[in-house]
>>> print(open('target05.txt').read())   # compact mmCIF, C-alpha atoms
# COMPACT_ATOMS: atom_id res chain seq x y z
CA MET W 1048 -15.73 12.87 12.67
CA HIS W 1049 -13.82 9.66 13.27
CA ASP W 1050 -16.45 7.04 14.07
CA ARG W 1051 -15.02 3.96 15.77
CA ILE W 1052 -15.55 1.15 18.24
CA LEU W 1053 -13.25 -1.25 20.05
CA ILE W 1054 -14.16 -4.95 20.24
CA ALA W 1055 -12.56 -6.34 23.38
CA GLY W 1056 -12.74 -9.66 25.20
CA THR W 1057 -13.36 -11.03 28.65
CA GLY W 1058 -10.21 -13.11 28.13
CA SER W 1059 -8.00 -14.80 25.56
CA GLY W 1060 -9.84 -17.40 23.52
CA CYS W 1061 -13.26 -15.73 23.74
CA GLY W 1062 -13.34 -15.15 19.96
CA LYS W 1063 -12.32 -11.49 19.52
CA THR W 1064 -10.74 -12.08 16.12
CA THR W 1065 -13.68 -14.15 14.89
CA VAL W 1066 -16.24 -11.55 16.00
CA THR W 1067 -14.15 -8.65 14.69
CA SER W 1068 -13.72 -10.35 11.30
CA ALA W 1069 -17.44 -11.13 11.15
CA VAL W 1070 -18.40 -7.52 11.92
CA LEU W 1071 -15.86 -6.12 9.44
CA ARG W 1072 -17.05 -8.33 6.58
CA ALA W 1073 -20.75 -7.74 7.39
CA LEU W 1074 -20.28 -3.96 7.42
CA GLN W 1075 -18.17 -4.16 4.28
CA ARG W 1076 -21.01 -5.99 2.51
CA ARG W 1077 -23.23 -3.02 3.43
CA GLY W 1078 -20.79 -0.69 1.68
CA VAL W 1079 -19.55 0.97 4.88
CA PRO W 1080 -16.02 2.43 4.42
CA LEU W 1081 -13.85 0.76 7.07
CA ARG W 1082 -10.42 0.78 8.64
CA ALA W 1083 -9.15 -1.85 11.08
CA PHE W 1084 -6.76 -1.66 14.02
CA LYS W 1085 -5.27 -4.06 16.58
CA CYS W 1086 -4.47 -3.25 20.19
CA GLY W 1087 -1.00 -4.47 21.16
CA PRO W 1088 1.96 -5.99 19.33
CA ASP W 1089 0.14 -8.88 17.62
CA TYR W 1090 0.92 -9.53 13.94
CA ILE W 1091 -1.48 -12.36 13.10
CA ASP W 1092 -4.86 -10.84 13.97
CA PRO W 1093 -4.26 -7.81 11.70
CA MET W 1094 -3.70 -10.22 8.80
CA PHE W 1095 -7.34 -11.32 9.13
CA HIS W 1096 -8.48 -7.69 9.17
CA THR W 1097 -6.41 -7.10 6.04
CA ALA W 1098 -7.84 -10.21 4.38
CA VAL W 1099 -11.35 -8.86 4.98
CA LEU W 1100 -10.78 -5.28 3.85
CA GLY W 1101 -7.93 -5.59 1.35
CA ILE W 1102 -6.09 -2.71 3.05
CA PRO W 1103 -3.55 -2.92 5.88
CA SER W 1104 -4.62 -3.07 9.51
CA ARG W 1105 -2.54 -1.07 11.97
CA ASN W 1106 -1.33 -1.75 15.51
CA LEU W 1107 -2.11 0.70 18.30
CA ASP W 1108 0.10 0.18 21.35
CA LEU W 1109 0.45 2.36 24.45
CA PHE W 1110 3.75 0.73 25.43
CA PHE W 1111 5.27 1.82 22.13
CA GLU W 1112 3.57 5.23 21.88
CA ASP W 1113 1.88 7.71 24.18
CA GLY W 1114 -1.74 8.80 23.84
CA THR W 1115 -0.88 11.61 21.44
CA GLY W 1116 0.85 9.15 19.13
CA VAL W 1117 -2.00 6.64 19.20
CA ARG W 1118 -4.63 9.31 18.57
CA GLY W 1119 -2.48 10.65 15.75
CA GLN W 1120 -2.33 7.22 14.13
CA LEU W 1121 -6.10 6.92 14.30
CA ALA W 1122 -6.62 10.40 12.89
CA ARG W 1123 -4.23 9.76 9.99
CA ALA W 1124 -5.66 6.35 9.14
CA LEU W 1125 -9.38 7.17 9.41
CA PRO W 1126 -10.58 9.21 6.41
CA PRO W 1127 -13.80 11.21 6.69
CA GLY W 1128 -16.84 8.96 6.53
CA ALA W 1129 -14.97 5.77 7.43
CA VAL W 1130 -15.64 3.67 10.54
CA GLY W 1131 -12.75 2.32 12.58
CA VAL W 1132 -13.01 -1.14 14.12
CA MET W 1133 -10.33 -1.80 16.74
CA GLU W 1134 -9.69 -5.28 18.13
CA GLY W 1135 -8.50 -5.62 21.73
CA VAL W 1136 -5.77 -7.83 23.17
CA MET W 1137 -6.15 -10.67 25.71
CA GLY W 1138 -8.77 -9.71 28.31
CA PHE W 1139 -10.16 -6.18 28.50
CA TYR W 1140 -7.92 -5.10 31.41
CA ASP W 1141 -4.90 -7.31 30.63
CA GLY W 1142 -1.72 -5.35 29.94
CA ILE W 1143 1.85 -5.07 31.10
CA SER W 1144 1.35 -5.47 34.85
CA GLY W 1145 -1.29 -5.44 37.55
CA THR W 1146 -2.48 -1.87 37.03
CA THR W 1147 -5.14 -0.61 34.62
CA ASP W 1148 -3.00 1.94 32.73
CA THR W 1149 -0.60 -0.49 31.08
CA ALA W 1150 -1.34 -0.90 27.36
CA SER W 1151 -4.54 -2.93 27.87
CA ALA W 1152 -7.55 -2.71 25.58
CA ALA W 1153 -9.40 -0.80 28.32
CA HIS W 1154 -6.50 1.67 28.55
CA LEU W 1155 -6.42 2.16 24.78
CA ALA W 1156 -10.18 2.70 24.57
CA ARG W 1157 -10.06 5.37 27.29
CA VAL W 1158 -7.05 7.18 25.85
CA ALA W 1159 -8.51 7.05 22.34
CA GLY W 1160 -12.02 8.06 23.45
CA THR W 1161 -13.53 4.96 21.89
CA PRO W 1162 -16.62 3.04 23.08
CA ALA W 1163 -15.86 -0.62 23.77
CA VAL W 1164 -17.96 -3.74 23.21
CA LEU W 1165 -17.00 -6.88 25.10
CA VAL W 1166 -17.04 -10.35 23.56
CA ALA W 1167 -18.13 -13.00 26.08
CA ARG W 1168 -18.52 -16.77 25.81
CA PRO W 1169 -21.26 -17.76 28.25
CA LYS W 1170 -20.75 -21.52 27.83
CA GLY W 1171 -20.89 -23.20 31.25
CA GLN W 1172 -22.56 -20.18 32.87
CA SER W 1173 -26.04 -18.89 33.51
CA LEU W 1174 -26.61 -16.09 36.03
CA SER W 1175 -22.86 -15.93 36.70
CA LEU W 1176 -22.54 -14.30 33.27
CA ALA W 1177 -24.23 -11.17 34.64
CA ALA W 1178 -21.80 -11.07 37.58
CA VAL W 1179 -18.81 -11.41 35.27
CA LEU W 1180 -19.99 -8.64 32.94
CA LYS W 1181 -20.96 -6.37 35.84
CA GLY W 1182 -17.44 -6.84 37.20
CA PHE W 1183 -15.93 -5.79 33.89
CA ARG W 1184 -18.22 -2.76 33.74
CA GLU W 1185 -17.43 -1.55 37.27
CA PHE W 1186 -13.87 -2.73 37.95
CA ALA W 1187 -12.15 0.48 36.82
CA PRO W 1188 -12.93 3.58 34.73
CA ASN W 1189 -13.67 2.39 31.22
CA THR W 1190 -15.65 2.99 28.03
CA ALA W 1191 -17.44 -0.39 28.01
CA ALA W 1192 -20.86 0.16 26.44
CA GLY W 1193 -22.07 -3.27 25.38
CA VAL W 1194 -21.47 -6.96 24.86
CA ILE W 1195 -21.67 -9.49 22.02
CA LEU W 1196 -22.31 -13.09 23.06
CA ASN W 1197 -20.13 -15.57 21.19
CA GLY W 1198 -20.77 -19.29 20.71
CA VAL W 1199 -24.48 -18.96 21.49
CA SER W 1200 -27.22 -20.72 19.52
CA HIS W 1201 -30.24 -18.88 18.14
CA GLY W 1202 -32.50 -20.75 20.55
CA MET W 1203 -30.45 -19.94 23.65
CA TYR W 1204 -29.76 -16.32 22.76
CA PRO W 1205 -32.90 -14.84 24.44
CA PHE W 1206 -32.01 -16.67 27.66
CA TYR W 1207 -28.45 -15.36 27.73
CA ARG W 1208 -29.45 -11.88 26.54
CA GLU W 1209 -31.79 -11.45 29.51
CA ILE W 1210 -29.01 -12.50 31.89
CA ALA W 1211 -26.39 -10.30 30.25
CA GLU W 1212 -28.66 -7.25 30.42
CA LYS W 1213 -28.65 -7.53 34.23
CA SER W 1214 -25.04 -6.29 34.11
CA GLY W 1215 -26.15 -2.91 32.81
CA LEU W 1216 -24.44 -3.40 29.45
CA LYS W 1217 -26.40 -3.24 26.20
CA VAL W 1218 -26.42 -6.57 24.34
CA TYR W 1219 -25.53 -6.11 20.66
CA GLY W 1220 -26.41 -9.63 19.61
CA TYR W 1221 -24.71 -12.96 19.27
CA LEU W 1222 -22.60 -15.14 17.00
CA PRO W 1223 -23.26 -18.90 16.93
CA GLU W 1224 -20.65 -21.62 16.83
CA LEU W 1225 -19.48 -22.01 13.23
CA PRO W 1226 -17.02 -24.95 13.11
CA GLU W 1227 -16.77 -24.62 9.34
CA ALA W 1228 -15.42 -21.08 9.79
CA SER W 1229 -13.10 -21.76 12.74
CA ILE W 1230 -9.53 -20.45 12.81
CA PRO W 1231 -6.99 -23.06 14.00
CA GLU W 1232 -4.09 -22.25 16.34
CA ARG W 1233 -0.39 -23.12 16.53
CA HIS W 1234 2.66 -21.79 18.35
CA LEU W 1235 2.73 -17.95 18.29
CA GLY W 1236 -1.08 -17.86 17.99
CA LEU W 1237 -3.56 -18.39 15.19
CA VAL W 1238 -2.69 -19.84 11.80
CA THR W 1239 -2.05 -16.86 9.52
CA ALA W 1240 -4.71 -15.65 7.12
CA GLN W 1241 -2.45 -16.40 4.14
CA GLU W 1242 -2.41 -20.08 5.02
CA MET W 1243 -6.13 -20.69 5.55
CA GLU W 1244 -7.93 -22.54 2.80
CA ARG W 1245 -11.19 -21.01 1.55
CA LEU W 1246 -10.62 -17.99 3.79
CA GLN W 1247 -12.93 -15.66 1.89
CA GLU W 1248 -15.67 -18.28 1.99
CA LYS W 1249 -15.25 -18.58 5.76
CA LEU W 1250 -15.32 -14.81 6.18
CA ASP W 1251 -18.60 -14.70 4.24
CA LEU W 1252 -20.04 -17.40 6.51
CA LEU W 1253 -19.11 -15.29 9.51
CA ALA W 1254 -20.60 -12.19 7.90
CA GLY W 1255 -23.87 -13.98 7.24
CA ALA W 1256 -24.06 -15.04 10.88
CA ALA W 1257 -23.30 -11.47 11.97
CA GLU W 1258 -26.03 -10.08 9.72
CA ASP W 1259 -28.48 -12.50 11.32
CA GLY W 1260 -27.40 -12.20 14.93
CA ILE W 1261 -25.54 -8.92 15.59
CA ASP W 1262 -27.09 -5.47 15.83
CA LEU W 1263 -24.90 -3.86 13.18
CA ASP W 1264 -26.97 -0.66 13.12
CA GLY W 1265 -26.55 -0.38 16.87
CA LEU W 1266 -22.77 -0.77 16.56
CA LEU W 1267 -22.64 1.99 13.92
CA THR W 1268 -24.67 4.26 16.20
CA LEU W 1269 -22.31 3.48 19.06
CA ALA W 1270 -19.29 4.23 16.85
CA ARG W 1271 -20.66 7.70 16.16
CA GLY W 1272 -20.30 8.43 19.88
CA ALA W 1273 -16.50 8.26 19.80
CA SER W 1274 -14.70 11.48 20.73
CA ALA W 1275 -13.15 13.76 18.12
CA LEU W 1276 -9.55 13.10 17.04
CA ALA W 1277 -6.68 15.31 15.94
CA ASP W 1278 -3.19 14.46 14.75
CA GLU W 1279 -0.92 16.49 17.02
CA THR W 1280 2.26 14.59 16.13
CA ALA W 1281 5.11 16.31 14.32
CA PRO W 1282 5.40 15.48 10.60
CA LEU W 1283 8.33 13.28 9.60
CA LEU W 1284 11.02 14.75 7.37
CA PRO W 1285 13.15 12.73 4.91
CA ALA W 1286 16.30 11.28 6.48
CA CYS W 1287 18.36 11.96 3.35
CA LYS W 1288 18.11 13.75 0.02
CA GLN W 1289 17.88 10.81 -2.35
CA ARG W 1290 15.03 8.32 -2.66
CA LEU W 1291 16.12 4.93 -1.35
CA ARG W 1292 14.93 1.43 -2.20
CA VAL W 1293 14.54 -0.94 0.75
CA ALA W 1294 13.80 -4.58 -0.04
CA VAL W 1295 11.28 -6.07 2.42
CA ALA W 1296 10.77 -9.85 2.63
CA ARG W 1297 7.01 -10.53 2.40
CA ASP W 1298 5.56 -14.00 1.95
CA THR W 1299 4.12 -16.76 4.16
CA ALA W 1300 7.52 -17.30 5.80
CA PHE W 1301 8.15 -13.59 6.52
CA CYS W 1302 4.92 -11.77 7.29
CA PHE W 1303 5.30 -10.14 10.72
CA TYR W 1304 5.56 -6.39 10.20
CA TYR W 1305 4.04 -3.36 11.88
CA GLU W 1306 2.44 -1.45 9.03
CA ASP W 1307 3.39 1.77 10.76
CA ASN W 1308 7.09 0.80 10.60
CA LEU W 1309 6.77 0.68 6.83
CA ASP W 1310 4.89 4.00 6.91
CA VAL W 1311 7.78 5.51 8.88
CA LEU W 1312 10.36 4.28 6.37
CA ARG W 1313 8.29 5.70 3.50
CA ALA W 1314 7.90 9.06 5.27
CA LEU W 1315 11.65 9.18 5.90
CA GLY W 1316 12.39 8.69 2.21
CA ALA W 1317 12.30 4.98 1.40
CA GLU W 1318 10.52 3.11 -1.34
CA ILE W 1319 9.39 -0.29 -0.01
CA VAL W 1320 10.22 -3.06 -2.50
CA PRO W 1321 8.59 -6.38 -1.50
CA PHE W 1322 10.17 -9.69 -2.44
CA SER W 1323 9.79 -13.36 -1.52
CA PRO W 1324 12.68 -15.45 -0.12
CA LEU W 1325 10.49 -18.47 -0.87
CA LEU W 1326 9.70 -17.77 -4.52
CA ASP W 1327 12.09 -15.21 -6.01
CA ALA W 1328 15.44 -16.19 -7.50
CA GLY W 1329 17.26 -13.23 -6.00
CA LEU W 1330 16.97 -9.85 -4.33
CA PRO W 1331 15.29 -6.98 -6.21
CA PRO W 1332 17.69 -4.92 -8.33
CA GLY W 1333 19.03 -1.55 -7.26
CA ILE W 1334 18.26 -1.84 -3.55
CA ASP W 1335 19.96 0.24 -0.87
CA GLY W 1336 18.83 -1.71 2.21
CA LEU W 1337 17.23 -4.96 3.34
CA TYR W 1338 14.50 -5.65 5.93
CA LEU W 1339 13.94 -9.29 6.91
CA GLY W 1340 10.97 -9.33 9.27
CA GLY W 1341 9.58 -12.04 11.48
CA GLY W 1342 7.21 -14.83 10.62
CA TYR W 1343 7.37 -18.61 10.39
CA PRO W 1344 10.59 -19.54 8.55
CA GLU W 1345 10.78 -22.67 10.72
CA LEU W 1346 7.60 -23.96 9.04
CA HIS W 1347 9.05 -23.33 5.57
CA ALA W 1348 12.65 -24.32 6.21
CA ALA W 1349 12.79 -26.94 3.46
CA ARG W 1350 11.45 -24.54 0.81
CA LEU W 1351 13.75 -21.74 1.98
CA ALA W 1352 16.68 -24.15 1.81
CA GLY W 1353 15.62 -25.22 -1.69
CA ASN W 1354 15.90 -21.66 -2.97
CA ALA W 1355 19.69 -21.71 -3.05
CA SER W 1356 20.02 -18.72 -5.38
CA MET W 1357 18.12 -16.48 -2.94
CA ARG W 1358 20.10 -17.73 0.04
CA GLU W 1359 23.32 -16.96 -1.78
CA ALA W 1360 22.07 -13.53 -2.87
CA VAL W 1361 21.19 -12.63 0.72
CA ARG W 1362 24.52 -13.98 2.02
CA ARG W 1363 26.50 -11.92 -0.49
CA ALA W 1364 24.48 -8.77 0.11
CA VAL W 1365 24.54 -8.83 3.91
CA SER W 1366 28.14 -10.01 4.18
CA GLY W 1367 29.06 -7.36 1.63
CA GLY W 1368 27.73 -4.56 3.84
CA LEU W 1369 24.19 -3.94 2.58
CA PRO W 1370 22.46 -2.24 5.56
CA THR W 1371 20.14 -4.91 6.96
CA ILE W 1372 17.53 -5.24 9.70
CA ALA W 1373 16.74 -8.88 10.53
CA GLU W 1374 14.09 -9.36 13.22
CA CYS W 1375 13.29 -12.75 14.78
CA GLY W 1376 12.41 -14.89 11.74
CA GLY W 1377 14.81 -12.84 9.63
CA PHE W 1378 17.47 -13.40 12.29
CA LEU W 1379 16.87 -17.17 12.07
CA TYR W 1380 17.17 -17.06 8.26
CA LEU W 1381 20.62 -15.48 8.45
CA HIS W 1382 22.10 -18.50 10.28
CA GLU W 1383 23.97 -21.36 8.63
CA THR W 1384 21.10 -23.76 9.34
CA LEU W 1385 17.58 -23.74 10.77
CA SER W 1386 15.86 -26.79 12.25
CA GLY W 1387 12.07 -26.89 12.36
CA ALA W 1388 9.71 -29.32 14.05
CA ASP W 1389 11.22 -32.25 12.11
CA GLY W 1390 14.64 -31.62 13.71
CA ILE W 1391 16.41 -31.53 10.33
CA PRO W 1392 19.00 -28.72 10.00
CA TYR W 1393 18.24 -27.02 6.67
CA PRO W 1394 20.81 -24.67 5.11
CA MET W 1395 19.93 -20.96 5.33
CA ALA W 1396 21.71 -17.78 4.24
CA GLY W 1397 24.89 -18.50 6.21
CA VAL W 1398 25.64 -14.95 7.32
CA LEU W 1399 25.71 -15.92 11.01
CA PRO W 1400 27.52 -19.03 12.27
CA GLY W 1401 25.79 -22.04 13.77
CA GLY W 1402 22.32 -23.51 13.65
CA ALA W 1403 19.10 -21.96 14.94
CA ARG W 1404 16.31 -24.34 15.91
CA LEU W 1405 12.66 -24.50 16.90
CA THR W 1406 11.96 -25.67 20.46
CA THR W 1407 8.76 -26.79 22.15
CA GLN W 1408 8.94 -24.08 24.81
CA LEU W 1409 8.24 -20.38 24.65
CA GLN W 1410 11.50 -18.44 24.96
CA ASN W 1411 11.67 -14.74 25.85
CA PHE W 1412 8.22 -13.22 25.64
CA GLY W 1413 6.82 -9.72 26.13
CA TYR W 1414 7.61 -6.04 25.94
CA VAL W 1415 11.23 -4.94 26.31
CA THR W 1416 13.26 -1.76 26.19
CA LEU W 1417 16.49 -2.20 24.23
CA THR W 1418 19.52 -0.10 25.16
CA ALA W 1419 22.56 -0.05 22.88
CA GLN W 1420 25.75 -1.25 24.56
CA ARG W 1421 27.96 0.04 21.75
CA PRO W 1422 27.56 1.97 18.48
CA SER W 1423 26.11 -0.01 15.57
CA LEU W 1424 23.85 0.34 12.52
CA LEU W 1425 20.76 1.65 14.34
CA ALA W 1426 22.02 3.36 17.48
CA ASP W 1427 24.82 5.02 19.39
CA GLU W 1428 25.79 3.65 22.78
CA GLY W 1429 23.10 4.42 25.35
CA GLN W 1430 20.27 4.98 22.89
CA SER W 1431 17.12 2.97 23.55
CA ILE W 1432 14.00 1.83 21.76
CA ARG W 1433 10.93 -0.16 22.77
CA ALA W 1434 10.40 -3.58 21.26
CA HIS W 1435 8.66 -6.93 21.69
CA GLU W 1436 9.79 -10.57 21.76
CA PHE W 1437 7.70 -13.70 21.16
CA HIS W 1438 9.39 -16.83 19.85
CA TYR W 1439 9.81 -20.55 20.36
CA ALA W 1440 13.06 -20.72 18.40
CA CYS W 1441 16.53 -20.34 19.88
CA ALA W 1442 19.88 -19.34 18.39
CA PRO W 1443 23.45 -20.34 19.29
CA ASP W 1444 24.43 -16.72 19.91
CA CYS W 1445 21.77 -14.06 20.52
CA GLY W 1446 24.45 -11.36 20.64
CA GLY W 1447 25.25 -8.59 23.08
CA ALA W 1448 24.99 -5.32 21.16
CA PHE W 1449 21.86 -4.39 23.16
CA ARG W 1450 20.59 -4.96 26.67
CA ALA W 1451 16.92 -5.93 26.83
CA GLU W 1452 14.93 -5.09 29.95
CA LYS W 1453 11.35 -6.08 30.68
CA PRO W 1454 9.02 -3.79 32.66
CA ASN W 1455 9.46 -6.12 35.66
CA GLY W 1456 13.22 -5.50 35.67
CA ARG W 1457 14.41 -8.81 34.20
CA ALA W 1458 17.22 -8.13 31.71
CA TRP W 1459 19.47 -9.97 29.26
CA ASP W 1460 21.90 -9.29 26.43
CA CYS W 1461 20.74 -9.69 22.83
CA VAL W 1462 21.21 -8.72 19.16
CA GLN W 1463 24.16 -9.26 16.87
CA ALA W 1464 24.99 -5.88 15.34
CA THR W 1465 27.66 -4.20 13.25
CA ASP W 1466 27.86 -0.91 11.36
CA THR W 1467 25.61 -2.44 8.69
CA LEU W 1468 23.57 -5.11 10.52
CA TYR W 1469 20.89 -5.44 13.19
CA ALA W 1470 20.05 -9.13 13.76
CA GLY W 1471 18.15 -10.36 16.78
CA PHE W 1472 14.91 -11.68 18.20
CA PRO W 1473 13.34 -8.34 19.31
CA HIS W 1474 10.84 -6.72 16.93
CA LEU W 1475 11.41 -2.96 16.88
CA TYR W 1476 8.75 -0.25 16.83
CA PHE W 1477 10.26 2.73 15.05
CA ARG W 1478 8.03 5.49 16.44
CA SER W 1479 9.31 4.78 19.94
CA ASN W 1480 12.67 6.13 18.70
CA LEU W 1481 12.56 7.48 15.15
CA ASP W 1482 16.33 7.95 15.10
CA PHE W 1483 16.75 4.16 14.69
CA ALA W 1484 14.85 4.24 11.41
CA ALA W 1485 16.58 7.45 10.26
CA ARG W 1486 20.03 5.99 11.00
CA PHE W 1487 19.14 2.89 8.99
CA LEU W 1488 18.22 4.99 5.96
CA ARG W 1489 21.28 7.22 6.35
CA ALA W 1490 23.39 4.08 6.29
CA CYS W 1491 21.52 2.98 3.15
CA ALA W 1492 22.31 6.33 1.54
CA ALA W 1493 25.98 6.14 2.56
CA GLY W 1494 26.25 2.64 1.14
CA ARG W 1495 24.84 3.78 -2.16
>>> encode(input="target05.txt", output="structure tokens")
Amino acid sequence: MHDRILIAGTGSGCGKTTVTSAVLRALQRRGVPLRAFKCGPDYIDPMFHTAVLGIPSRNLDLFFEDGTGVRGQLARALPPGAVGVMEGVMGFYDGISGTTDTASAAHLARVAGTPAVLVARPKGQSLSLAAVLKGFREFAPNTAAGVILNGVSHGMYPFYREIAEKSGLKVYGYLPELPEASIPERHLGLVTAQEMERLQEKLDLLAGAAEDGIDLDGLLTLARGASALADETAPLLPACKQRLRVAVARDTAFCFYYEDNLDVLRALGAEIVPFSPLLDAGLPPGIDGLYLGGGYPELHAARLAGNASMREAVRRAVSGGLPTIAECGGFLYLHETLSGADGIPYPMAGVLPGGARLTTQLQNFGYVTLTAQRPSLLADEGQSIRAHEFHYACAPDCGGAFRAEKPNGRAWDCVQATDTLYAGFPHLYFRSNLDFAARFLRACAAGR
């Protein structure tokens, strides 16, 4: 069996990540084997799951993969006896467009046969809470089975529980306001788990509140009602004969990666070699490729600039033809300069001309399909892959090797690419076109 639940929300800001982290840590303290998942393309929320469990959380996304792929991921990641806890995205029904089958948490829960528990903040409501929850329960076909009330005091919980029960949903308890365990926000979402002081202490505070206020036994019983899973996806075969070493930038400046992308590279024959552009003097020895993911380089621009030996090592390697994928933050790092919130242009790797800079406005945001306009490192002309953009930074030249198109039809040119380089704002998801990852590794093998 693959026991699991999905913790969804009535809307953004209702406390899904807080409640999910509280439940994960509380169940962990009971000794329950756990695995965590995140609905959608978010990078930051899975970091909190990983901080709780000490093992990677994985993204499940029905824009990037079909139902077979998502169920396969769950089946592969959930060992016998473990319980999966999946966190939703935005509001329960919020997805790509105005229909209910568009990569929402409700869509994922139905496709994955997983019972869902809503997180609701009843502040400013009384009987209207029942109407809201009843609307969520009846709006469209769904697997909603219960609700957890967030931001509710012990004294007010019986009052709100009685109201919530009028919706027909089972109430699985409450979590009070815990200012001392709050998670602050910034552009791109929450502050990352790596940056939070006393994080483990805060997680334990949340777990204690969950043990007092949430029906953990009831959630485990609900999880046992999830449908059976099977991995019906085709196994991945190595892209080349030799084992390849791919250096992956991983620190507080570069921390946005889909864990499944790294799984794909490993399955195709790569050894993942982590390194820190902030702390290490140079690239790892004997590498065949380089992966510079997204993150917050704009918040660490001065420290990145101060590590001149690393900047020079990256410049030499990429300019010298080392096959390189640079997504969003990695793309920013490859420029001559990067200006953060202080407006100061700090020197970066200098592979790409001009200065990238942080702005105060959200730039391109959302799901896109990328179509290659000419042959380059990852694709032949006409090949496409699904991706996601979310950034406040801008660059002097976003490139034109690919055409990005949103589901609503809006399109633009993007990505600077050569035979050995992919550099642009879109974050790729390899399982939506495995040939992109295989071509990258074949280029790494040819370069060797």
>>> atom_distance(input="target05.txt", atom1="atom CA of Tyr1221 of chain W", atom2="atom CA of Arg1184 of chain W")
18.9 Å
>>> closest_residue(input="target05.txt", among="W:Arg1421, W:Ala1349, W:Gly1368, W:Arg1363", to="Ser1386 of chain W", atoms="all atoms listed in the file")
W:Ala1349
>>> closest_residue(input="target05.txt", among="W:Val1311, W:Pro1400, W:Phe1472, W:Arg1457", to="Phe1487 of chain W", atoms="all atoms listed in the file")
W:Val1311
>>> residues_around(input="target05.txt", residues="segment 1437-1451 of chain W", least_positions_apart="3", cutoff="9 Å", atoms="all atoms listed in the file", output="number ranges by chain")
W: 1234-1235, 1345, 1375-1376, 1378-1379, 1382, 1387, 1400-1413, 1415-1423, 1428, 1431, 1434, 1457-1465, 1469-1474
>>> closest_residue(input="target05.txt", among="W:Asn1480, W:Thr1067, W:Asn1354, W:Ser1323", to="Ile1052 of chain W", atoms="only C-alpha atoms")
W:Thr1067
>>> closest_residue(input="target05.txt", among="W:Asp1307, W:Glu1359, W:Asp1264, W:Glu1452", to="Ala1484 of chain W", atoms="all atoms listed in the file")
W:Asp1307
>>> residues_around(input="target05.txt", residues="Phe1477 of chain W", least_positions_apart="4", cutoff="10 Å", atoms="only C-alpha atoms", output="list in words")
Phe1111, Glu1112, Tyr1305, Asp1307, Asn1308, Leu1309, Asp1310, Val1311, Leu1312, Ile1432, Arg1433, Ala1434, Leu1481, Asp1482, Phe1483, Ala1484 and Ala1485 of chain W
>>> closest_residue(input="target05.txt", among="W:Ile1261, W:Ala1153, W:Val1164, W:Leu1125", to="Pro1223 of chain W", atoms="only C-alpha atoms")
W:Ile1261
>>> residues_around(input="target05.txt", residues="Gly1171 of chain W", least_positions_apart="3", cutoff="12 Å", atoms="all atoms listed in the file", output="number ranges by chain")
W: 1167-1168, 1174-1176, 1198-1199, 1207
>>> atom_distance(input="target05.txt", atom1="atom CA of His1049 of chain W", atom2="atom CA of Pro1127 of chain W")
6.8 Å
>>> residues_near_point(input="target05.txt", point="(12.5, -8.4, -6.7)", cutoff="12 Å", atoms="only C-alpha atoms", output="PDB file with C-alpha atoms, in the coordinates of the input")
ATOM      1  CA  ARG W1292      14.930   1.430  -2.200  1.00  0.00           C
ATOM      2  CA  VAL W1293      14.540  -0.940   0.750  1.00  0.00           C
ATOM      3  CA  ALA W1294      13.800  -4.580  -0.040  1.00  0.00           C
ATOM      4  CA  VAL W1295      11.280  -6.070   2.420  1.00  0.00           C
ATOM      5  CA  ALA W1296      10.770  -9.850   2.630  1.00  0.00           C
ATOM      6  CA  ARG W1297       7.010 -10.530   2.400  1.00  0.00           C
ATOM      7  CA  ILE W1319       9.390  -0.290  -0.010  1.00  0.00           C
ATOM      8  CA  VAL W1320      10.220  -3.060  -2.500  1.00  0.00           C
ATOM      9  CA  PRO W1321       8.590  -6.380  -1.500  1.00  0.00           C
ATOM     10  CA  PHE W1322      10.170  -9.690  -2.440  1.00  0.00           C
ATOM     11  CA  SER W1323       9.790 -13.360  -1.520  1.00  0.00           C
ATOM     12  CA  PRO W1324      12.680 -15.450  -0.120  1.00  0.00           C
ATOM     13  CA  LEU W1325      10.490 -18.470  -0.870  1.00  0.00           C
ATOM     14  CA  LEU W1326       9.700 -17.770  -4.520  1.00  0.00           C
ATOM     15  CA  ASP W1327      12.090 -15.210  -6.010  1.00  0.00           C
ATOM     16  CA  ALA W1328      15.440 -16.190  -7.500  1.00  0.00           C
ATOM     17  CA  GLY W1329      17.260 -13.230  -6.000  1.00  0.00           C
ATOM     18  CA  LEU W1330      16.970  -9.850  -4.330  1.00  0.00           C
ATOM     19  CA  PRO W1331      15.290  -6.980  -6.210  1.00  0.00           C
ATOM     20  CA  PRO W1332      17.690  -4.920  -8.330  1.00  0.00           C
ATOM     21  CA  GLY W1333      19.030  -1.550  -7.260  1.00  0.00           C
ATOM     22  CA  ILE W1334      18.260  -1.840  -3.550  1.00  0.00           C
ATOM     23  CA  LEU W1337      17.230  -4.960   3.340  1.00  0.00           C
ATOM     24  CA  MET W1357      18.120 -16.480  -2.940  1.00  0.00           C
ATOM     25  CA  ALA W1360      22.070 -13.530  -2.870  1.00  0.00           C
TER      26      ALA W1360
END
>>> closest_residue(input="target05.txt", among="W:Thr1299, W:Asn1106, W:Ser1068, W:Ser1214", to="Lys1249 of chain W", atoms="all atoms listed in the file")
W:Ser1068
